[in-house]
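The file input_12.cif comes next; it holds mmCIF, C-alpha atoms and all ligand atoms.
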data_work
#
loop_
_atom_site.label_atom_id
_atom_site.label_comp_id
_atom_site.auth_asym_id
_atom_site.auth_seq_id
_atom_site.Cartn_x
_atom_site.Cartn_y
_atom_site.Cartn_z
CA MET A 1 32.36 135.66 -92.96
CA THR A 2 28.74 135.88 -91.95
CA GLU A 3 26.77 132.74 -92.65
CA LEU A 4 23.04 132.81 -93.44
CA VAL A 5 21.25 129.70 -92.20
CA THR A 6 17.60 128.76 -92.17
CA SER A 7 17.28 125.76 -89.84
CA PHE A 8 17.92 125.14 -86.13
CA ALA A 9 20.02 122.12 -87.04
CA ALA A 10 22.26 124.27 -89.25
CA VAL A 11 22.74 126.79 -86.41
CA ARG A 12 23.80 124.01 -84.05
CA THR A 13 26.22 122.58 -86.62
CA ALA A 14 27.70 126.02 -87.28
CA THR A 15 28.18 126.79 -83.56
CA ALA A 16 29.34 123.35 -82.36
CA HIS A 17 32.74 123.30 -80.63
CA ARG A 18 33.41 126.94 -81.41
CA GLY A 19 33.16 128.31 -77.87
CA THR A 20 30.52 130.41 -76.16
CA VAL A 21 27.42 131.37 -78.12
CA GLY A 22 25.52 134.66 -77.81
CA LEU A 23 22.06 135.08 -79.29
CA VAL A 24 20.46 138.35 -80.45
CA PRO A 25 16.80 137.72 -81.36
CA THR A 26 15.26 140.29 -83.74
CA MET A 27 12.37 140.72 -86.13
CA GLY A 28 14.68 142.29 -88.68
CA TYR A 29 14.65 145.64 -90.44
CA LEU A 30 17.71 146.31 -88.35
CA HIS A 31 18.70 149.66 -86.88
CA GLU A 32 21.37 150.84 -84.46
CA GLY A 33 19.32 149.55 -81.49
CA HIS A 34 19.65 146.00 -82.79
CA LEU A 35 23.26 146.60 -83.81
CA SER A 36 24.13 147.75 -80.27
CA LEU A 37 22.98 144.36 -78.95
CA MET A 38 25.12 142.61 -81.57
CA THR A 39 28.15 144.74 -80.72
CA ARG A 40 27.69 143.92 -77.03
CA ALA A 41 27.38 140.21 -77.82
CA ARG A 42 30.52 140.40 -80.01
CA ARG A 43 32.44 141.66 -76.95
CA ASP A 44 31.09 138.92 -74.66
CA VAL A 45 31.14 135.65 -76.60
CA ASP A 46 33.00 133.63 -79.24
CA ILE A 47 30.14 133.10 -81.69
CA VAL A 48 27.34 135.63 -82.26
CA VAL A 49 24.07 134.34 -83.68
CA SER A 50 21.31 136.77 -84.60
CA SER A 51 17.86 135.57 -85.52
CA VAL A 52 15.67 137.46 -87.95
CA PHE A 53 12.10 136.25 -87.74
CA VAL A 54 8.87 138.22 -87.84
CA ASN A 55 6.94 136.11 -85.37
CA PRO A 56 3.24 136.01 -86.29
CA LEU A 57 2.39 134.57 -82.86
CA GLN A 58 3.22 137.84 -81.09
CA PHE A 59 1.19 140.17 -83.33
CA ASN A 60 -2.21 140.79 -81.82
CA GLU A 61 -3.25 142.81 -84.90
CA ALA A 62 -3.08 141.11 -88.31
CA SER A 63 -2.73 144.51 -89.99
CA ASP A 64 0.39 145.30 -87.91
CA LEU A 65 1.98 142.03 -89.06
CA GLU A 66 1.14 142.81 -92.67
CA VAL A 67 2.84 146.21 -92.73
CA TYR A 68 5.86 145.20 -90.60
CA PRO A 69 8.94 146.21 -92.66
CA ARG A 70 11.18 143.42 -93.98
CA ASN A 71 14.43 143.30 -95.94
CA LEU A 72 16.64 140.26 -95.31
CA ASP A 73 19.49 141.27 -97.67
CA ARG A 74 19.81 144.58 -95.87
CA ASP A 75 19.69 142.82 -92.46
CA VAL A 76 22.42 140.32 -93.38
CA ALA A 77 24.72 143.12 -94.61
CA LEU A 78 24.19 145.17 -91.42
CA ALA A 79 24.59 142.16 -89.13
CA ALA A 80 27.83 141.30 -90.92
CA GLU A 81 29.16 144.81 -90.28
CA ALA A 82 28.29 144.43 -86.59
CA GLY A 83 30.36 141.25 -86.43
CA VAL A 84 27.56 138.67 -86.37
CA ASP A 85 28.82 135.20 -87.32
CA ILE A 86 25.50 133.55 -88.09
CA VAL A 87 22.20 135.07 -89.21
CA PHE A 88 19.39 132.63 -88.54
CA ALA A 89 16.41 133.50 -90.73
CA PRO A 90 14.01 130.57 -90.49
CA PRO A 91 11.05 130.29 -92.83
CA LEU A 92 7.67 129.98 -91.13
CA GLU A 93 7.70 126.20 -91.70
CA GLU A 94 10.95 125.81 -89.76
CA MET A 95 9.70 127.78 -86.77
CA TYR A 96 6.13 126.47 -86.81
CA ALA A 97 6.03 123.22 -88.80
CA GLN A 98 2.59 122.76 -87.32
CA GLU A 99 0.29 125.01 -85.30
CA PRO A 100 2.04 125.08 -81.89
CA VAL A 101 -0.36 123.70 -79.29
CA THR A 102 2.39 124.02 -76.72
CA ARG A 103 2.64 127.67 -75.69
CA VAL A 104 4.61 129.43 -72.98
CA VAL A 105 2.55 131.61 -70.68
CA VAL A 106 4.36 133.94 -68.29
CA SER A 107 1.69 135.10 -65.86
CA ALA A 108 1.74 137.99 -63.34
CA LEU A 109 4.46 140.01 -65.13
CA THR A 110 2.23 140.28 -68.18
CA GLU A 111 -0.86 141.67 -66.42
CA THR A 112 0.20 145.30 -66.91
CA MET A 113 1.26 147.63 -69.74
CA GLU A 114 1.90 145.80 -73.03
CA GLY A 115 0.38 142.61 -71.65
CA LEU A 116 -2.84 144.44 -70.87
CA HIS A 117 -3.05 146.34 -74.15
CA ARG A 118 -1.85 143.62 -76.52
CA PRO A 119 -3.70 140.39 -75.64
CA GLY A 120 -1.68 137.30 -76.53
CA HIS A 121 1.45 139.32 -77.34
CA PHE A 122 3.65 137.95 -74.57
CA GLU A 123 2.48 134.39 -75.07
CA GLY A 124 3.79 134.74 -78.63
CA VAL A 125 7.04 136.33 -77.46
CA ALA A 126 7.64 133.78 -74.70
CA THR A 127 6.89 130.86 -77.01
CA VAL A 128 9.27 131.98 -79.75
CA VAL A 129 12.03 132.92 -77.28
CA ALA A 130 11.72 129.52 -75.58
CA LYS A 131 12.02 127.88 -79.00
CA LEU A 132 15.12 129.94 -79.82
CA PHE A 133 16.70 129.09 -76.44
CA ALA A 134 15.90 125.39 -76.83
CA GLY A 135 16.90 125.15 -80.49
CA ILE A 136 20.10 127.23 -80.37
CA GLN A 137 21.20 126.67 -76.76
CA PRO A 138 22.99 130.02 -76.35
CA ASP A 139 25.15 130.82 -73.33
CA SER A 140 23.86 134.39 -73.30
CA ALA A 141 21.06 136.29 -74.98
CA TYR A 142 20.76 140.03 -75.57
CA PHE A 143 17.57 142.08 -75.28
CA GLY A 144 16.96 145.82 -75.41
CA ARG A 145 15.55 147.85 -72.56
CA LYS A 146 13.40 149.48 -75.25
CA ASP A 147 11.00 146.58 -74.65
CA GLY A 148 11.32 146.72 -70.88
CA GLN A 149 8.46 144.39 -70.06
CA GLN A 150 9.67 141.88 -72.65
CA LEU A 151 13.10 141.88 -71.02
CA ALA A 152 11.55 141.16 -67.61
CA VAL A 153 9.35 138.42 -69.09
CA VAL A 154 12.33 136.76 -70.81
CA ARG A 155 14.43 136.89 -67.63
CA ARG A 156 11.64 135.21 -65.69
CA LEU A 157 10.98 132.65 -68.41
CA ALA A 158 14.66 131.65 -68.49
CA ALA A 159 14.72 131.31 -64.69
CA ASP A 160 11.41 129.46 -64.37
CA LEU A 161 12.19 126.98 -67.17
CA SER A 162 15.87 126.56 -66.14
CA PHE A 163 17.33 127.59 -69.48
CA PRO A 164 21.09 127.79 -68.86
CA VAL A 165 21.32 131.21 -70.47
CA THR A 166 22.40 134.59 -69.13
CA VAL A 167 19.92 137.26 -70.19
CA VAL A 168 21.63 140.59 -70.80
CA GLY A 169 19.61 143.86 -70.94
CA CYS A 170 21.04 146.69 -73.07
CA PRO A 171 20.32 150.46 -73.09
CA ILE A 172 17.81 152.10 -75.44
CA VAL A 173 19.39 153.67 -78.52
CA ARG A 174 17.80 156.99 -79.54
CA GLU A 175 17.95 159.42 -82.43
CA SER A 176 19.79 162.63 -81.52
CA SER A 177 16.28 164.12 -81.19
CA GLY A 178 15.53 161.64 -78.40
CA LEU A 179 13.16 159.42 -80.41
CA ALA A 180 13.74 155.77 -79.43
CA LEU A 181 14.73 153.73 -82.47
CA SER A 182 12.12 151.24 -83.63
CA SER A 183 11.62 149.42 -86.90
CA ARG A 184 8.11 150.91 -86.79
CA ASN A 185 9.60 154.43 -87.05
CA HIS A 186 10.12 153.58 -90.70
CA ARG A 187 6.38 154.18 -91.11
CA LEU A 188 6.45 157.70 -89.59
CA ASP A 189 6.51 160.64 -91.97
CA GLU A 190 8.46 163.77 -91.10
CA GLN A 191 5.54 165.39 -89.26
CA ASP A 192 4.75 162.25 -87.24
CA ARG A 193 8.40 161.91 -86.31
CA GLN A 194 8.24 165.38 -84.80
CA ARG A 195 5.00 164.51 -82.98
CA ALA A 196 6.52 161.28 -81.69
CA LEU A 197 9.12 163.29 -79.78
CA ALA A 198 6.37 163.95 -77.22
CA LEU A 199 7.04 160.47 -75.77
CA SER A 200 10.75 160.90 -75.11
CA GLN A 201 10.30 164.53 -74.05
CA GLY A 202 7.84 163.51 -71.33
CA LEU A 203 10.14 160.73 -70.15
CA MET A 204 13.20 162.99 -70.05
CA ALA A 205 11.28 165.59 -68.03
CA ALA A 206 10.31 162.81 -65.61
CA ALA A 207 13.96 161.69 -65.51
CA ASP A 208 14.95 165.23 -64.52
CA ASP A 209 12.34 165.16 -61.75
CA ILE A 210 13.54 161.78 -60.45
CA GLU A 211 17.10 163.08 -60.34
CA ALA A 212 15.78 166.10 -58.42
CA GLY A 213 14.24 163.75 -55.83
CA VAL A 214 10.64 163.29 -57.02
CA LEU A 215 9.88 159.63 -56.29
CA ASP A 216 6.06 159.41 -56.19
CA ALA A 217 4.33 157.81 -59.15
CA ALA A 218 1.49 160.32 -59.53
CA PRO A 219 3.52 163.45 -60.39
CA LEU A 220 6.00 161.47 -62.48
CA LEU A 221 3.27 159.88 -64.59
CA LYS A 222 1.65 163.26 -65.09
CA THR A 223 4.93 164.77 -66.24
CA ALA A 224 5.69 161.82 -68.52
CA LEU A 225 2.31 162.03 -70.27
CA ALA A 226 1.93 165.81 -70.47
CA PRO A 227 3.63 166.44 -73.86
CA ALA A 228 1.77 163.54 -75.52
CA GLU A 229 -1.55 164.74 -74.14
CA ARG A 230 -0.91 168.24 -75.51
CA MET A 231 0.21 167.08 -78.96
CA ASP A 232 -2.33 166.86 -81.80
CA GLY A 233 -2.09 163.55 -83.63
CA VAL A 234 -0.71 161.71 -80.59
CA GLU A 235 -3.03 159.44 -78.62
CA PRO A 236 -1.44 158.27 -75.37
CA GLU A 237 -2.39 154.74 -74.31
CA TYR A 238 -0.74 154.46 -70.91
CA ALA A 239 2.02 155.65 -68.61
CA VAL A 240 3.00 153.23 -65.85
CA LEU A 241 5.66 153.16 -63.15
CA ALA A 242 6.44 149.50 -62.50
CA SER A 243 8.89 147.35 -60.60
CA GLN A 244 11.60 146.04 -62.96
CA GLN A 245 11.30 142.63 -61.34
CA SER A 246 7.54 142.10 -61.07
CA MET A 247 6.26 144.56 -63.70
CA GLN A 248 3.53 145.50 -61.20
CA SER A 249 2.69 149.18 -60.74
CA VAL A 250 4.32 150.91 -57.78
CA GLU A 251 3.25 154.06 -55.94
CA ARG A 252 6.77 155.24 -55.23
CA ILE A 253 10.31 154.47 -56.34
CA VAL A 254 11.91 152.33 -53.63
CA GLU A 255 13.38 149.62 -55.87
CA PRO A 256 14.56 149.42 -59.52
CA VAL A 257 11.66 150.52 -61.71
CA VAL A 258 10.72 151.28 -65.28
CA LEU A 259 8.65 154.31 -66.26
CA ALA A 260 6.99 153.23 -69.49
CA VAL A 261 4.70 154.98 -71.96
CA ALA A 262 2.78 153.85 -75.03
CA ALA A 263 1.04 156.06 -77.57
CA TRP A 264 -0.39 156.04 -81.05
CA VAL A 265 1.17 158.48 -83.48
CA GLY A 266 -1.21 158.39 -86.41
CA ASP A 267 -1.63 154.67 -87.06
CA VAL A 268 1.75 153.70 -85.60
CA ARG A 269 1.90 152.46 -82.02
CA LEU A 270 5.09 153.45 -80.21
CA ILE A 271 6.50 152.55 -76.80
CA ASP A 272 9.33 154.12 -74.83
CA ASN A 273 10.66 154.11 -71.27
CA ILE A 274 13.37 155.04 -68.85
CA HIS A 275 14.77 152.58 -66.32
CA VAL A 276 15.68 153.61 -62.78
CA ASP A 277 18.40 151.36 -61.39
CA MET A 278 19.89 150.98 -57.93
CA VAL A 279 23.68 151.39 -58.16
CA ASP A 280 25.65 151.22 -54.89
CA GLY A 281 22.52 152.17 -52.96
CA HIS A 282 21.76 155.16 -55.21
CA LEU A 283 19.02 155.59 -57.77
CA VAL A 284 20.43 156.06 -61.27
CA VAL A 285 18.26 156.91 -64.28
CA ASP A 286 19.09 155.11 -67.53
CA ARG A 287 17.85 157.42 -70.29
CA GLY A 288 19.48 155.37 -73.03
CA VAL A 289 22.11 156.55 -75.49
CA LYS A 290 21.78 159.05 -78.34
CA LEU A 291 23.18 158.59 -81.82
CA ALA A 292 25.40 161.37 -83.10
CA ARG A 293 23.97 161.12 -86.63
CA PRO A 294 20.60 160.17 -88.11
CA SER A 295 19.69 156.50 -87.79
CA ILE A 296 20.14 154.22 -90.78
CA LEU A 297 16.33 153.92 -90.70
CA PHE A 298 16.11 157.50 -91.93
CA ALA A 299 19.52 158.26 -93.35
CA HIS A 300 18.19 158.06 -96.92
CA ARG A 301 15.49 160.62 -96.09
CA GLY A 302 17.95 162.95 -94.35
CA GLY A 303 17.76 164.26 -90.79
CA ALA A 304 16.20 162.75 -87.67
P1 LIG A 401 12.56 143.78 -82.49
O1 LIG A 401 13.23 143.52 -83.79
O2 LIG A 401 11.78 145.05 -82.46
O3 LIG A 401 11.79 142.59 -81.98
O4 LIG A 401 13.72 144.00 -81.45
C1 LIG A 401 14.73 143.05 -81.27
C2 LIG A 401 15.55 143.40 -80.05
O5 LIG A 401 16.13 144.70 -80.25
C3 LIG A 401 14.71 143.48 -78.78
O6 LIG A 401 15.45 142.95 -77.70
C4 LIG A 401 14.50 144.96 -78.63
O7 LIG A 401 14.29 145.36 -77.29
C5 LIG A 401 15.81 145.51 -79.15
N1 LIG A 401 15.64 146.91 -79.56
C6 LIG A 401 14.71 147.42 -80.41
N2 LIG A 401 14.83 148.76 -80.49
C7 LIG A 401 15.85 149.11 -79.67
C8 LIG A 401 16.45 150.35 -79.30
N3 LIG A 401 16.04 151.50 -79.80
N4 LIG A 401 17.48 150.31 -78.44
C9 LIG A 401 17.92 149.14 -77.91
N5 LIG A 401 17.40 147.94 -78.21
C10 LIG A 401 16.37 147.93 -79.08
#
Would you write the structure of this file as structure tokens?
Amino acid sequence: MTELVTSFAAVRTATAHRGTVGLVPTMGYLHEGHLSLMTRARRDVDIVVSSVFVNPLQFNEASDLEVYPRNLDRDVALAAEAGVDIVFAPPLEEMYAQEPVTRVVVSALTETMEGLHRPGHFEGVATVVAKLFAGIQPDSAYFGRKDGQQLAVVRRLAADLSFPVTVVGCPIVRESSGLALSSRNHRLDEQDRQRALALSQGLMAAADDIEAGVLDAAPLLKTALAPAERMDGVEPEYAVLASQQSMQSVERIVEPVVLAVAAWVGDVRLIDNIHVDMVDGHLVVDRGVKLARPSILFAHRGGA
């Protein structure tokens, strides 16, 4: 049975003496990307807790926060199917009883990409993640590679603040078309969904090039951005090749990196990336995994 709780104290009571605890933080409006983290957690730990909280602190645009999709009943049902034991959906007053004057700032790693284009975003993310780690005390926590810089920031935050938690990064889940799943996709109409494919198409072309031995940033960034630059209605914001560890730009792939892009499709801002890992001394591109059928975000509209 999946339990819905709304306070940190209730999470700790529900998890006490029941073995290892895995945490999957989300902002809700769940899709298969979130569910893949929950499924992974289910394999790893005894008790799976998933938080559903739209964190105002990490929204740099008030309008983005306003239109962020929400549906807790739907989220609880989906989390239950994925084997989540406890859904933690705190009201604003539980998370921020008072304006938090204590904030977590992760420097250096946040000077590029999302950190540069969304002022204050990572301070909001780091603060809420630190609160979740402190209040729930999970043994492991699951984050998607979809938000590659966020994953790096959370890893560093856990290390720097000595949270006894193992941070696990999970592959990007994509529509069969290649579009990376995002709760924000819900706001794309059919035409914008087609346009949005420019992001993943550019990244997959760059992935092909990397596998063919192209390792310099300049040609890879050009390839990654080309479809978005050509597409009407798509406004690219950046393409960056960055070290997975430091999130600083690199000129050439000589260590694990992320090739990340951000673009506006109409009034929806989308991000996507591929990770390049070092496995047994070889570079391996992680393109993510594709769904065989349309995502539950779109199933009711038919087709992806
Ligand atoms: P969000 O609800 O957007 O804050 O995302 C919650 C978690 O789900 C974060 O760790 C995200 O990186 C992860 N996530 C979101 N979309 C995807 C996706 N398409 N594939 C894998 N993980 C994802």
Quiz item: Neighbours of Leu72 in chain A within 12 Å (all atoms listed in the file; same-chain residues fewer than 3 positions away dropped), as a list of chain:residue names?
Solution: A:Leu4, A:Val5, A:Thr6, A:Thr26, A:Met27, A:Gly28, A:Tyr29, A:Leu30, A:Ser51, A:Val52, A:Phe53, A:Val54, A:Pro69, A:Asp75, A:Val76, A:Ala77, A:Leu78, A:Ala79, A:Val87, A:Phe88, A:Ala89, A:Pro90, A:Pro91
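Minimum atom-to-atom distance to Ala82 in chain A, evaluated using all atoms listed in the file, belongs to A:Met1 out of A:Val125, A:Val279, A:Ala299, A:Met1.
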Quiz item: Residues within 10 Å of ligand LIG 401 (chain A) (only C-alpha atoms and all ligand atoms), as JSON, numbers by chain?
Solution: {"A": [24, 25, 26, 27, 28, 29, 30, 31, 32, 33, 34, 35, 36, 37, 38, 50, 51, 52, 53, 54, 55, 58, 125, 141, 142, 143, 144, 145, 146, 147, 148, 149, 150, 151, 154, 168, 169, 170, 171, 172, 173, 174, 175, 179, 180, 181, 182, 183, 184, 271, 272, 288, 289, 290]}
Using 12 Å as the limit and counting only C-alpha atoms, can you tabulate each residue of range 231-304 of chain A that touches range 92-107 of chain A, with its shortest atom-to-atom distance in Å and the two atoms involved, as a Markdown table?
| residue | atom | partner | partner_atom | distance |
| --- | --- | --- | --- | --- |
| A:Ser246 | CA | A:Ser107 | CA | 10.3 |
| A:Met247 | CA | A:Ser107 | CA | 10.7 |
| A:Gln248 | CA | A:Ser107 | CA | 11.5 |
Output the selection as a PDB file, in the frame of the given file - C-alpha atoms for each residue.
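Below you can see part_0.pdb, which holds the result:
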ATOM      1  CA  SER A 246       7.540 142.100 -61.070  1.00  0.00           C
ATOM      2  CA  MET A 247       6.260 144.560 -63.700  1.00  0.00           C
ATOM      3  CA  GLN A 248       3.530 145.500 -61.200  1.00  0.00           C
TER       4      GLN A 248
END
Self-check item: Interatomic distance (Å, one decimal) between CA of Ile47 in chain A and CA of Leu132 in chain A
Solution: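 Spanning CA of Ile47 in chain A to CA of Leu132 in chain A is a straight-line distance of 15.5 Å.
Every protein or nucleic acid residue with an atom no more than 8 Å from Pro164 in chain A, counting all atoms listed in the file and leaving out same-chain residues fewer than 6 positions away, appears here: Gln137, Asp139 and Ala158 of chain A.
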Exercise. Please indicate the distance in Å from CA of Leu161 in chain A to CA of Val11 in chain A, rounded to one decimal place.
Key: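 Between CA of Leu161 in chain A and CA of Val11 in chain A the gap works out to 21.9 Å.
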Practice problem: Would you mind listing what lies within 10 Å of Ser200 in chain A as a list in words, with only C-alpha atoms counted and same-chain residues fewer than 3 positions away left out? | Solution: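 Contacts, with the query itself left out: Arg174, Ser177, Gly178, Leu179, Ala180, Ala196, Leu197, Leu203, Met204, Ala205, Ala206, Ala224, Leu225, Pro227, Ala228, Val261, Ile271, Asp272, Asn273, Ile274 and Arg287 of chain A.
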Self-check item: Interatomic distance (Å, one decimal) between CA of Ala62 in chain A and CA of Leu188 in chain A
Solution: 19.2 Å
Practice problem: Name the closest residue to Gly120 in chain A among the candidates A:Asn60, A:Ser249, A:Asn71, A:Ser140; distances are taken between atoms, counting only C-alpha atoms. | Solution: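 Going through A:Asn60, A:Ser249, A:Asn71, A:Ser140 one by one, the smallest distance to Gly120 in chain A is for A:Asn60.
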Exercise. Might you pull out every residue within 8 Å of Gly135 in chain A, with only C-alpha atoms counted and same-chain residues fewer than 2 positions away left off, and present them as a ChimeraX atom specification?
Key: /A:8-9,12,131-133,137
